[in-house]
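Quick look at coords12.tsv (TSV, C-alpha atoms):
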```tsv
chain	number	residue	atom	x	y	z
G	1	MET	CA	0.00	0.00	0.00
G	2	ASN	CA	2.84	2.38	0.86
G	3	LYS	CA	5.16	1.19	-1.89
G	4	THR	CA	6.92	4.12	-3.61
G	5	LYS	CA	8.13	3.91	-7.21
G	6	LEU	CA	11.18	5.81	-8.40
G	7	TYR	CA	12.48	6.20	-11.93
G	8	ILE	CA	16.07	7.44	-11.89
G	9	VAL	CA	17.48	8.41	-15.29
G	10	ARG	CA	20.79	9.73	-16.48
G	11	HIS	CA	20.80	12.95	-18.49
G	12	THR	CA	20.98	12.90	-22.26
G	13	GLU	CA	24.03	13.38	-24.48
G	14	THR	CA	25.85	16.73	-24.31
G	15	ILE	CA	28.72	18.41	-26.10
G	16	GLY	CA	30.81	17.65	-23.01
G	17	ASN	CA	30.15	13.94	-23.49
G	18	ILE	CA	31.17	14.10	-27.15
G	19	GLU	CA	34.35	15.98	-26.28
G	20	LYS	CA	35.13	13.35	-23.59
G	21	ARG	CA	35.35	15.82	-20.75
G	22	LEU	CA	35.20	15.29	-17.00
G	23	THR	CA	31.90	17.13	-16.84
G	24	GLY	CA	31.19	17.26	-13.15
G	25	ARG	CA	29.75	20.61	-12.14
G	26	GLU	CA	30.36	22.32	-15.49
G	27	ASP	CA	27.45	22.28	-17.92
G	28	TYR	CA	27.14	21.83	-21.68
G	29	GLU	CA	24.40	22.14	-24.26
G	30	LEU	CA	22.62	19.06	-25.55
G	31	THR	CA	23.71	17.66	-28.92
G	32	ASP	CA	21.24	17.01	-31.74
G	33	ASN	CA	21.46	13.34	-30.85
G	34	GLY	CA	20.86	14.33	-27.25
G	35	MET	CA	17.59	16.00	-28.24
G	36	ASN	CA	16.59	12.85	-30.10
G	37	LEU	CA	17.33	10.78	-26.99
G	38	VAL	CA	15.15	13.13	-24.92
G	39	ASN	CA	12.30	12.43	-27.35
G	40	LYS	CA	12.78	8.68	-26.98
G	41	LEU	CA	12.94	8.89	-23.17
G	42	THR	CA	9.79	11.01	-23.12
G	43	GLU	CA	7.98	8.56	-25.38
G	44	LYS	CA	9.04	5.62	-23.20
G	45	LEU	CA	7.79	7.20	-19.95
G	46	ARG	CA	4.92	9.31	-21.26
G	47	ASN	CA	2.20	6.96	-19.99
G	48	ILE	CA	3.49	6.97	-16.42
G	49	LYS	CA	1.75	9.42	-14.10
G	50	PHE	CA	4.48	11.06	-12.04
G	51	ASP	CA	3.57	12.79	-8.80
G	52	SER	CA	6.85	14.69	-8.41
G	53	ILE	CA	9.90	15.30	-10.61
G	54	TYR	CA	13.42	16.09	-9.41
G	55	SER	CA	16.77	16.81	-11.03
G	56	SER	CA	20.21	18.08	-10.17
G	57	THR	CA	20.85	21.80	-10.57
G	58	SER	CA	22.64	21.16	-13.88
G	59	GLN	CA	20.71	22.29	-16.94
G	60	ARG	CA	21.53	19.09	-18.82
G	61	THR	CA	19.41	17.12	-16.34
G	62	VAL	CA	16.62	19.69	-16.23
G	63	LYS	CA	16.35	19.76	-20.03
G	64	THR	CA	16.34	15.96	-20.20
G	65	ILE	CA	13.13	15.63	-18.20
G	66	LEU	CA	11.43	18.95	-18.91
G	67	PRO	CA	9.12	17.43	-21.58
G	68	LEU	CA	7.95	14.82	-19.04
G	69	ALA	CA	7.44	17.56	-16.45
G	70	LYS	CA	5.25	19.45	-18.92
G	71	LEU	CA	3.25	16.32	-19.75
G	72	ASN	CA	2.59	15.82	-16.03
G	73	LYS	CA	2.01	19.54	-15.41
G	74	LEU	CA	4.76	19.56	-12.79
G	75	GLU	CA	7.69	21.79	-11.94
G	76	VAL	CA	11.18	20.28	-11.94
G	77	GLN	CA	12.48	20.47	-8.37
G	78	GLU	CA	16.25	20.98	-8.40
G	79	GLU	CA	18.50	19.41	-5.75
G	80	GLU	CA	22.21	20.20	-5.40
G	81	ASP	CA	22.91	16.77	-3.92
G	82	LEU	CA	21.80	15.09	-7.16
G	83	CYS	CA	24.71	16.70	-9.03
G	84	GLU	CA	27.59	14.79	-10.60
G	85	MET	CA	30.84	13.99	-8.82
G	86	TYR	CA	33.07	17.06	-8.51
G	87	PHE	CA	36.33	16.30	-10.32
G	88	GLY	CA	38.40	18.84	-8.41
G	89	ILE	CA	41.06	20.77	-10.30
G	90	TYR	CA	40.31	18.79	-13.48
G	91	ASP	CA	36.56	19.41	-13.50
G	92	ASP	CA	35.60	20.26	-17.11
G	93	TRP	CA	38.97	19.13	-18.51
G	94	LYS	CA	39.21	16.82	-21.50
G	95	TRP	CA	40.53	13.37	-20.67
G	96	GLU	CA	43.27	13.79	-23.27
G	97	ASP	CA	44.60	16.85	-21.43
G	98	VAL	CA	44.43	15.14	-18.03
G	99	ASN	CA	46.40	12.22	-19.49
G	100	LYS	CA	49.23	14.55	-20.49
G	101	ILE	CA	49.69	15.64	-16.88
G	102	GLN	CA	48.57	12.64	-14.81
G	103	PRO	CA	48.17	9.53	-17.01
G	104	LYS	CA	47.83	7.39	-13.88
G	105	ILE	CA	44.30	8.73	-13.29
G	106	LYS	CA	43.01	7.15	-16.50
G	107	LYS	CA	45.00	3.96	-15.89
G	108	ASN	CA	43.44	3.67	-12.44
G	109	HIS	CA	40.01	4.30	-13.93
G	110	ILE	CA	40.50	1.49	-16.44
G	111	ALA	CA	41.76	-0.84	-13.72
G	112	THR	CA	39.25	-0.06	-10.95
G	113	ASN	CA	36.29	1.71	-12.66
G	114	GLU	CA	36.76	4.62	-10.23
G	115	ILE	CA	38.12	8.11	-10.87
G	116	TYR	CA	40.50	9.15	-8.11
G	117	GLY	CA	43.79	10.89	-7.48
G	118	ILE	CA	42.62	14.37	-8.50
G	119	GLU	CA	43.30	17.25	-6.14
G	120	ASN	CA	40.17	18.50	-4.31
G	121	GLN	CA	37.83	16.00	-5.98
G	122	GLU	CA	34.97	14.10	-4.36
G	123	ASN	CA	35.38	10.36	-4.01
G	124	THR	CA	32.75	7.76	-4.89
G	125	LYS	CA	31.86	7.09	-1.24
G	126	GLU	CA	31.13	10.77	-0.69
G	127	VAL	CA	29.02	10.93	-3.84
G	128	ALA	CA	27.15	7.75	-2.90
G	129	GLN	CA	26.41	9.07	0.58
G	130	ARG	CA	25.00	12.43	-0.51
G	131	MET	CA	22.98	10.78	-3.28
G	132	TYR	CA	21.60	8.21	-0.85
G	133	LYS	CA	20.68	10.84	1.70
G	134	CYS	CA	18.97	13.00	-0.93
G	135	ILE	CA	17.04	10.19	-2.63
G	136	LEU	CA	16.03	8.68	0.72
G	137	ASN	CA	14.62	12.06	1.73
G	138	ILE	CA	12.74	12.33	-1.59
G	139	ALA	CA	11.32	8.82	-1.16
G	140	LYS	CA	10.18	9.48	2.41
G	141	LYS	CA	8.46	12.70	1.35
G	142	ASN	CA	6.59	10.86	-1.39
G	143	ILE	CA	5.44	7.60	0.22
G	144	GLY	CA	3.11	5.66	-2.06
G	145	LYS	CA	3.76	7.94	-5.02
G	146	THR	CA	5.65	7.70	-8.33
G	147	ILE	CA	8.74	9.86	-8.66
G	148	LEU	CA	11.04	10.79	-11.54
G	149	ILE	CA	14.65	11.77	-10.80
G	150	CYS	CA	17.28	12.87	-13.33
G	151	SER	CA	20.93	12.82	-12.32
G	152	HIS	CA	24.37	11.87	-13.67
G	153	GLY	CA	26.39	8.81	-14.63
G	154	VAL	CA	28.86	8.44	-11.77
G	155	ALA	CA	26.40	9.80	-9.21
G	156	ILE	CA	23.63	7.35	-10.12
G	157	GLU	CA	26.01	4.40	-10.31
G	158	ALA	CA	27.48	5.27	-6.90
G	159	PHE	CA	24.00	5.38	-5.37
G	160	LEU	CA	22.85	2.11	-6.93
G	161	ARG	CA	26.02	0.29	-5.93
G	162	LYS	CA	25.63	1.56	-2.37
G	163	ILE	CA	22.11	0.21	-1.92
G	164	VAL	CA	23.10	-3.27	-3.14
G	165	ASN	CA	26.64	-3.18	-1.72
G	166	VAL	CA	28.43	-3.94	-5.00
G	167	PRO	CA	31.92	-2.38	-5.42
G	168	PHE	CA	32.74	-0.29	-8.49
G	169	ASN	CA	35.14	-2.88	-9.93
G	170	TYR	CA	32.41	-5.55	-10.17
G	171	GLU	CA	29.79	-5.95	-12.92
G	172	ARG	CA	30.86	-2.84	-14.79
G	173	GLU	CA	28.60	-3.05	-17.82
G	174	LYS	CA	25.60	-4.08	-15.75
G	175	PHE	CA	25.73	-0.86	-13.69
G	176	CYS	CA	27.07	1.44	-16.42
G	177	GLN	CA	24.79	4.45	-16.87
G	178	HIS	CA	24.69	5.37	-20.55
G	179	ASN	CA	22.88	8.55	-21.60
G	180	VAL	CA	19.12	8.36	-20.79
G	181	ALA	CA	19.51	4.98	-19.05
G	182	ILE	CA	16.41	4.18	-16.99
G	183	ASN	CA	16.60	2.69	-13.51
G	184	GLU	CA	13.34	1.63	-11.87
G	185	LEU	CA	13.27	1.21	-8.10
G	186	GLU	CA	10.76	0.54	-5.36
G	187	PHE	CA	11.00	1.92	-1.84
G	188	GLU	CA	9.29	0.05	0.96
G	189	ASN	CA	9.94	-0.40	4.69
G	190	ASN	CA	12.82	2.08	4.47
G	191	LYS	CA	14.65	0.04	1.82
G	192	PHE	CA	15.31	0.46	-1.90
G	193	PHE	CA	14.82	-2.41	-4.35
G	194	ILE	CA	16.10	-2.29	-7.94
G	195	LYS	CA	13.51	-3.53	-10.45
G	196	GLN	CA	15.19	-2.34	-13.65
G	197	LEU	CA	18.85	-1.46	-14.01
G	198	ALA	CA	20.43	0.89	-16.58
G	199	ASN	CA	17.92	0.12	-19.34
G	200	VAL	CA	18.82	1.60	-22.72
G	201	GLN	CA	17.36	-1.25	-24.77
G	202	TYR	CA	14.20	0.80	-25.28
G	203	LEU	CA	16.17	3.14	-27.54
G	204	ASN	CA	16.15	0.42	-30.20
G	205	GLU	CA	12.45	-0.41	-29.99
G	206	GLU	CA	11.01	-0.60	-33.49
G	207	ASN	CA	7.63	0.77	-32.44
G	208	PHE	CA	9.11	4.09	-31.31
G	209	LYS	CA	7.18	7.01	-32.75
G	210	GLU	CA	8.33	10.59	-32.91
G	211	ILE	CA	6.59	12.86	-30.42
G	212	ARG	CA	4.39	15.39	-32.15
```
With the file now loaded, output its structure as structure tokens.
Amino acid sequence: MNKTKLYIVRHTETIGNIEKRLTGREDYELTDNGMNLVNKLTEKLRNIKFDSIYSSTSQRTVKTILPLAKLNKLEVQEEEDLCEMYFGIYDDWKWEDVNKIQPKIKKNHIATNEIYGIENQENTKEVAQRMYKCILNIAKKNIGKTILICSHGVAIEAFLRKIVNVPFNYEREKFCQHNVAINELEFENNKFFIKQLANVQYLNEENFKEIR
């Protein structure tokens, strides 16, 4: 009776993604493909009646779910704690430029699936904790309702791994949050349960129709 449903999605493709940047707190415009992905996400979730919609304070997340907010006649509620990991002194840098100065960061990322070793950055545990605290608060405020949340790749993955206690170096592809990946969760008795993880298969559905 008091089961709460949450749909947590990663933002769509941006210029920062295409340029392979460490886009933590910096923001970038959506690409043309990114706009197309927004259309597909909207079409996939258009028949779900959301009671509340949340995003990080980044415009790339707000723009990703704005069409769904309009369909549901809701305002997008922005939360700072839903933002992406802060990559310290290299936030907004291209990976290729980081590699010229500290190639070990990328090597460690390949080896462990975590980004670390950057001055003043957040670590995955810190990101997971603030995401958990924020999403738990959202869930408790919306008991029995259906919620949409838009956040970021590392941030969402950190949260999901925390609630199931799976380290970052395990099951990489299973937890990988591609652009507009959909995660469906239920919240009951103060616990989160993952029902759908990082779904992007819907992007290839043949029956997809352009939104008019």
Fill in: Neighbour list for Ile135 (chain G) as a PyMOL selection string, cut-off 12 Å, all atoms listed in the file, skip fewer than 3 positions in-chain
chain G and resi 4-8+53-56+79-83+128-132+138-142+147-151+155-156+159-160+163+185-187+190-192
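Among the candidates G:Gln201, G:Asn33, G:Asn137, G:Thr23, the one nearest to Asp91 (chain G) when counting all atoms listed in the file is G:Thr23.
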Worksheet entry | Surrounding residues of region 66-73 of chain G excluding itself and chain neighbours under 2 positions, 9 Å, all atoms listed in the file, as an MDAnalysis selection string | chainID G and resid 38:39 41:43 45:46 48:53 61:64 75:76
Can you spit out the residues from that selection as a short mmCIF file (atom, residue, chain, number, x, y, z; two decimals), keeping the file's coordinate frame, using C-alpha atoms?
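Output file part12.cif follows:
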```cif
data_model
loop_
_atom_site.label_atom_id
_atom_site.label_comp_id
_atom_site.auth_asym_id
_atom_site.auth_seq_id
_atom_site.Cartn_x
_atom_site.Cartn_y
_atom_site.Cartn_z
CA VAL G 38 15.15 13.13 -24.92
CA ASN G 39 12.30 12.43 -27.35
CA LEU G 41 12.94 8.89 -23.17
CA THR G 42 9.79 11.01 -23.12
CA GLU G 43 7.98 8.56 -25.38
CA LEU G 45 7.79 7.20 -19.95
CA ARG G 46 4.92 9.31 -21.26
CA ILE G 48 3.49 6.97 -16.42
CA LYS G 49 1.75 9.42 -14.10
CA PHE G 50 4.48 11.06 -12.04
CA ASP G 51 3.57 12.79 -8.80
CA SER G 52 6.85 14.69 -8.41
CA ILE G 53 9.90 15.30 -10.61
CA THR G 61 19.41 17.12 -16.34
CA VAL G 62 16.62 19.69 -16.23
CA LYS G 63 16.35 19.76 -20.03
CA THR G 64 16.34 15.96 -20.20
CA GLU G 75 7.69 21.79 -11.94
CA VAL G 76 11.18 20.28 -11.94
#
```
Worksheet item: In Å, with one decimal, what is the gap from CA of Phe168 (chain G) to CA of Glu114 (chain G)?
Response: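 Answer for the CA of Phe168 (chain G) to CA of Glu114 (chain G) separation: 6.6 Å.
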Select, counting all atoms listed in the file, all protein, DNA and RNA residues no farther than 12 Å from (27.9, -3.6, -16.9) in file coordinates, and express the selection as a compact mmCIF listing (two decimals) with C-alpha atoms, in the frame of the given file.
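Final output, saved to part.txt:
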```txt
# COMPACT_ATOMS: atom_id res chain seq x y z
CA ASN G 113 36.29 1.71 -12.66
CA GLU G 157 26.01 4.40 -10.31
CA ARG G 161 26.02 0.29 -5.93
CA VAL G 166 28.43 -3.94 -5.00
CA PHE G 168 32.74 -0.29 -8.49
CA ASN G 169 35.14 -2.88 -9.93
CA TYR G 170 32.41 -5.55 -10.17
CA GLU G 171 29.79 -5.95 -12.92
CA ARG G 172 30.86 -2.84 -14.79
CA GLU G 173 28.60 -3.05 -17.82
CA LYS G 174 25.60 -4.08 -15.75
CA PHE G 175 25.73 -0.86 -13.69
CA CYS G 176 27.07 1.44 -16.42
CA GLN G 177 24.79 4.45 -16.87
CA HIS G 178 24.69 5.37 -20.55
CA LEU G 197 18.85 -1.46 -14.01
CA ALA G 198 20.43 0.89 -16.58
CA ASN G 199 17.92 0.12 -19.34
CA VAL G 200 18.82 1.60 -22.72
```
Fill in: Neighbours of point (33.9, 15.4, -25.8) within 12 Å, using only C-alpha atoms, written as a ChimeraX atom specification
/G:13-23,28-31,92-97
Worksheet item: How far is it from CA of Ser58 (chain G) to CA of Val164 (chain G), in Å with one decimal?
Response: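 Computing it gives 26.7 Å between the two atoms.
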